[in-house]
$ cat coords30.tsv   # TSV, N, CA and C atoms and all ligand atoms
chain	number	residue	atom	x	y	z
A	200	MET	N	-40.07	-23.71	33.26
A	200	MET	CA	-40.59	-24.90	32.58
A	200	MET	C	-39.69	-25.29	31.40
A	201	GLN	N	-39.31	-26.53	31.36
A	201	GLN	CA	-38.46	-27.03	30.27
A	201	GLN	C	-39.31	-27.88	29.33
A	202	LYS	N	-38.89	-27.96	28.12
A	202	LYS	CA	-39.60	-28.80	27.16
A	202	LYS	C	-38.65	-29.82	26.56
A	203	CYS	N	-39.14	-31.03	26.45
A	203	CYS	CA	-38.35	-32.10	25.86
A	203	CYS	C	-38.68	-32.21	24.39
A	204	GLU	N	-37.74	-32.77	23.61
A	204	GLU	CA	-37.99	-32.92	22.18
A	204	GLU	C	-39.09	-33.94	21.90
A	205	CYS	N	-39.46	-34.74	22.91
A	205	CYS	CA	-40.57	-35.68	22.73
A	205	CYS	C	-41.90	-34.98	22.92
A	206	GLY	N	-41.86	-33.69	23.31
A	206	GLY	CA	-43.09	-32.92	23.46
A	206	GLY	C	-43.55	-32.81	24.88
A	207	ASN	N	-42.86	-33.49	25.80
A	207	ASN	CA	-43.23	-33.47	27.19
A	207	ASN	C	-42.68	-32.23	27.89
A	208	TYR	N	-43.49	-31.61	28.71
A	208	TYR	CA	-43.04	-30.48	29.52
A	208	TYR	C	-42.69	-30.97	30.91
A	209	SER	N	-41.58	-30.48	31.44
A	209	SER	CA	-41.15	-30.89	32.77
A	209	SER	C	-40.31	-29.81	33.41
A	210	LEU	N	-40.28	-29.82	34.72
A	210	LEU	CA	-39.41	-28.88	35.43
A	210	LEU	C	-38.01	-29.44	35.56
A	211	ALA	N	-37.88	-30.74	35.31
A	211	ALA	CA	-36.59	-31.40	35.47
A	211	ALA	C	-35.71	-31.18	34.25
A	212	LYS	N	-34.41	-31.30	34.46
A	212	LYS	CA	-33.45	-31.16	33.36
A	212	LYS	C	-33.47	-32.38	32.46
A	213	ILE	N	-33.90	-33.50	33.05
A	213	ILE	CA	-34.00	-34.73	32.28
A	213	ILE	C	-35.47	-35.11	32.19
A	214	CYS	N	-35.92	-35.40	30.99
A	214	CYS	CA	-37.32	-35.74	30.78
A	214	CYS	C	-37.66	-37.06	31.48
A	215	PRO	N	-38.68	-37.06	32.33
A	215	PRO	CA	-39.04	-38.30	33.02
A	215	PRO	C	-39.69	-39.33	32.08
A	216	LYS	N	-40.14	-38.88	30.94
A	216	LYS	CA	-40.79	-39.79	30.00
A	216	LYS	C	-39.79	-40.58	29.17
A	217	CYS	N	-38.83	-39.86	28.58
A	217	CYS	CA	-37.93	-40.52	27.64
A	217	CYS	C	-36.47	-40.47	28.09
A	218	GLY	N	-36.16	-39.70	29.14
A	218	GLY	CA	-34.81	-39.69	29.67
A	218	GLY	C	-33.86	-38.76	28.96
A	219	LYS	N	-34.36	-38.00	27.98
A	219	LYS	CA	-33.51	-37.06	27.26
A	219	LYS	C	-33.44	-35.73	28.00
A	220	GLU	N	-32.44	-34.94	27.64
A	220	GLU	CA	-32.30	-33.61	28.24
A	220	GLU	C	-33.41	-32.70	27.75
A	221	THR	N	-33.98	-31.95	28.69
A	221	THR	CA	-35.02	-31.00	28.30
A	221	THR	C	-34.38	-29.65	27.96
A	222	GLN	N	-35.09	-28.88	27.16
A	222	GLN	CA	-34.60	-27.57	26.74
A	222	GLN	C	-35.58	-26.50	27.20
A	223	GLU	N	-35.02	-25.32	27.44
A	223	GLU	CA	-35.89	-24.19	27.74
A	223	GLU	C	-36.50	-23.74	26.42
A	224	PRO	N	-37.84	-23.67	26.37
A	224	PRO	CA	-38.45	-23.25	25.11
A	224	PRO	C	-38.01	-21.83	24.74
A	225	LYS	N	-37.70	-21.65	23.47
A	225	LYS	CA	-37.25	-20.33	23.03
A	225	LYS	C	-38.41	-19.36	23.00
A	226	PRO	N	-38.18	-18.14	23.47
A	226	PRO	CA	-39.26	-17.15	23.45
A	226	PRO	C	-39.61	-16.78	22.02
A	227	PRO	N	-40.89	-16.64	21.74
A	227	PRO	CA	-41.28	-16.30	20.37
A	227	PRO	C	-40.84	-14.89	20.00
A	228	LYS	N	-40.38	-14.76	18.76
A	228	LYS	CA	-39.94	-13.44	18.29
A	228	LYS	C	-40.90	-12.99	17.18
A	229	PHE	N	-42.05	-12.55	17.58
A	229	PHE	CA	-43.12	-12.26	16.62
A	229	PHE	C	-42.72	-11.18	15.63
A	230	SER	N	-42.24	-10.05	16.17
A	230	SER	CA	-41.96	-8.91	15.31
A	230	SER	C	-40.89	-9.26	14.27
A	231	LEU	N	-39.84	-9.94	14.74
A	231	LEU	CA	-38.75	-10.30	13.84
A	231	LEU	C	-39.24	-11.29	12.78
A	232	ASP	N	-39.99	-12.29	13.21
A	232	ASP	CA	-40.51	-13.28	12.28
A	232	ASP	C	-41.40	-12.62	11.24
A	233	ASP	N	-42.27	-11.73	11.69
A	233	ASP	CA	-43.18	-11.06	10.77
A	233	ASP	C	-42.40	-10.24	9.74
A	234	LYS	N	-41.38	-9.57	10.23
A	234	LYS	CA	-40.57	-8.74	9.36
A	234	LYS	C	-39.95	-9.58	8.24
A	235	TYR	N	-39.38	-10.70	8.63
A	235	TYR	CA	-38.74	-11.54	7.64
A	235	TYR	C	-39.76	-12.23	6.74
A	236	ALA	N	-40.91	-12.54	7.30
A	236	ALA	CA	-41.95	-13.16	6.49
A	236	ALA	C	-42.40	-12.19	5.41
A	237	ASP	N	-42.56	-10.93	5.79
A	237	ASP	CA	-42.93	-9.90	4.81
A	237	ASP	C	-41.87	-9.78	3.74
A	238	TYR	N	-40.64	-9.76	4.18
A	238	TYR	CA	-39.52	-9.63	3.26
A	238	TYR	C	-39.50	-10.79	2.28
A	239	ARG	N	-39.71	-12.01	2.81
A	239	ARG	CA	-39.70	-13.18	1.96
A	239	ARG	C	-40.84	-13.12	0.94
A	240	ARG	N	-42.02	-12.70	1.43
A	240	ARG	CA	-43.16	-12.62	0.52
A	240	ARG	C	-42.87	-11.63	-0.60
A	241	GLN	N	-42.29	-10.51	-0.21
A	241	GLN	CA	-42.00	-9.46	-1.18
A	241	GLN	C	-40.99	-9.97	-2.22
A	242	THR	N	-39.97	-10.65	-1.72
A	242	THR	CA	-38.95	-11.18	-2.61
A	242	THR	C	-39.55	-12.17	-3.59
A	243	LYS	N	-40.40	-13.03	-3.08
A	243	LYS	CA	-41.05	-14.03	-3.91
A	243	LYS	C	-41.89	-13.35	-5.00
A	244	LYS	N	-42.59	-12.31	-4.62
A	244	LYS	CA	-43.43	-11.58	-5.56
A	244	LYS	C	-42.58	-10.97	-6.68
A	245	GLU	N	-41.47	-10.38	-6.26
A	245	GLU	CA	-40.58	-9.76	-7.24
A	245	GLU	C	-40.05	-10.80	-8.23
A	246	GLU	N	-39.73	-11.96	-7.70
A	246	GLU	CA	-39.23	-13.03	-8.55
A	246	GLU	C	-40.27	-13.44	-9.58
A	247	LEU	N	-41.51	-13.57	-9.12
A	247	LEU	CA	-42.58	-13.97	-10.02
A	247	LEU	C	-42.82	-12.90	-11.10
A	248	LYS	N	-42.69	-11.66	-10.71
A	248	LYS	CA	-42.87	-10.56	-11.66
A	248	LYS	C	-41.82	-10.64	-12.76
A	249	LYS	N	-40.59	-10.91	-12.33
A	249	LYS	CA	-39.48	-10.98	-13.28
A	249	LYS	C	-39.71	-12.10	-14.29
A	250	LYS	N	-40.34	-13.16	-13.80
A	250	LYS	CA	-40.59	-14.30	-14.69
A	250	LYS	C	-41.90	-14.19	-15.42
A	251	ASN	N	-42.56	-13.03	-15.25
A	251	ASN	CA	-43.84	-12.77	-15.90
A	251	ASN	C	-44.90	-13.80	-15.55
A	252	LEU	N	-44.86	-14.25	-14.32
A	252	LEU	CA	-45.84	-15.25	-13.89
A	252	LEU	C	-47.07	-14.59	-13.27
A	253	ILE	N	-46.94	-13.30	-12.93
A	253	ILE	CA	-48.12	-12.60	-12.43
A	253	ILE	C	-48.25	-11.26	-13.14
A	301	ZN	ZN	-38.97	-36.59	26.59
$ encode --input "coords30.tsv" --output "C-alpha cells"
Amino acid sequence: MQKCECGNYSLAKICPKCGKETQEPKPPKFSLDDKYADYRRQTKKEELKKKNLI
C-alpha cells in the first residue's frame, strides 16, 4: 500500500486523486522515537534547572 502526500492511499505508483507520486509509508520506529523523546525531555529539564526555572 502506497500513500500520497494528499492523504490518499493507493496501490498505484501515481495517486489517482491528484496525480502525484505515491510513497511507501515509513514504518514506525517506536523504540527509537521514545528513546529520543526521553533524551529530549531530560535535556530540557536540565536546561530549566540551570536557569533556576524549576
Ligand atoms: Zn494524491
$ residues_around --input "coords30.tsv" --residues "segment 204-212 of chain A" --least-positions-apart "6" --cutoff "6.5 Å" --atoms "all atoms listed in the file" --output "PDB file with N, CA and C atoms, in the coordinates of the input"
ATOM      1  N   LYS A 219     -34.360 -38.000  27.980  1.00  0.00           N
ATOM      2  CA  LYS A 219     -33.510 -37.060  27.260  1.00  0.00           C
ATOM      3  C   LYS A 219     -33.440 -35.730  28.000  1.00  0.00           C
ATOM      4  N   GLU A 220     -32.440 -34.940  27.640  1.00  0.00           N
ATOM      5  CA  GLU A 220     -32.300 -33.610  28.240  1.00  0.00           C
ATOM      6  C   GLU A 220     -33.410 -32.700  27.750  1.00  0.00           C
ATOM      7  N   THR A 221     -33.980 -31.950  28.690  1.00  0.00           N
ATOM      8  CA  THR A 221     -35.020 -31.000  28.300  1.00  0.00           C
ATOM      9  C   THR A 221     -34.380 -29.650  27.960  1.00  0.00           C
ATOM     10  N   GLN A 222     -35.090 -28.880  27.160  1.00  0.00           N
ATOM     11  CA  GLN A 222     -34.600 -27.570  26.740  1.00  0.00           C
ATOM     12  C   GLN A 222     -35.580 -26.500  27.200  1.00  0.00           C
TER      13      GLN A 222
END
$ closest_residue --input "coords30.tsv" --among "A:Ile253, A:Met200, A:Cys217, A:Leu247" --to "ligand ZN 301 (chain A)" --atoms "all atoms listed in the file"
A:Cys217
$ atom_distance --input "coords30.tsv" --atom1 "atom CA of Lys225 of chain A" --atom2 "atom N of Ile213 of chain A"
16.9 Å
$ select_by_dssp --input "coords30.tsv" --residues "chain A" --states "alpha helix (DSSP H)" --output "count of residues only"
21
$ atom_distance --input "coords30.tsv" --atom1 "atom N of Pro226 of chain A" --atom2 "atom C of Cys203 of chain A"
14.1 Å
$ atom_distance --input "coords30.tsv" --atom1 "atom C of Cys214 of chain A" --atom2 "atom C of Lys202 of chain A"
8.8 Å
$ closest_residue --input "coords30.tsv" --among "A:Tyr238, A:Glu245, A:Lys250, A:Pro215" --to "ligand ZN 301 (chain A)" --atoms "all atoms listed in the file"
A:Pro215
$ axis_aligned_box --input "coords30.tsv" --around "segment 246-253 of chain A" --padding-each-side "4 Å" --output "AutoDock Vina command-line options"
--center_x -43.7 --center_y -12.9 --center_z -11.8 --size_x 17.0 --size_y 12.7 --size_z 16.2
$ closest_residue --input "coords30.tsv" --among "A:Lys216, A:Gln201, A:Lys244, A:Lys249" --to "ligand ZN 301 (chain A)" --atoms "only N, CA and C atoms and all ligand atoms"
A:Lys216
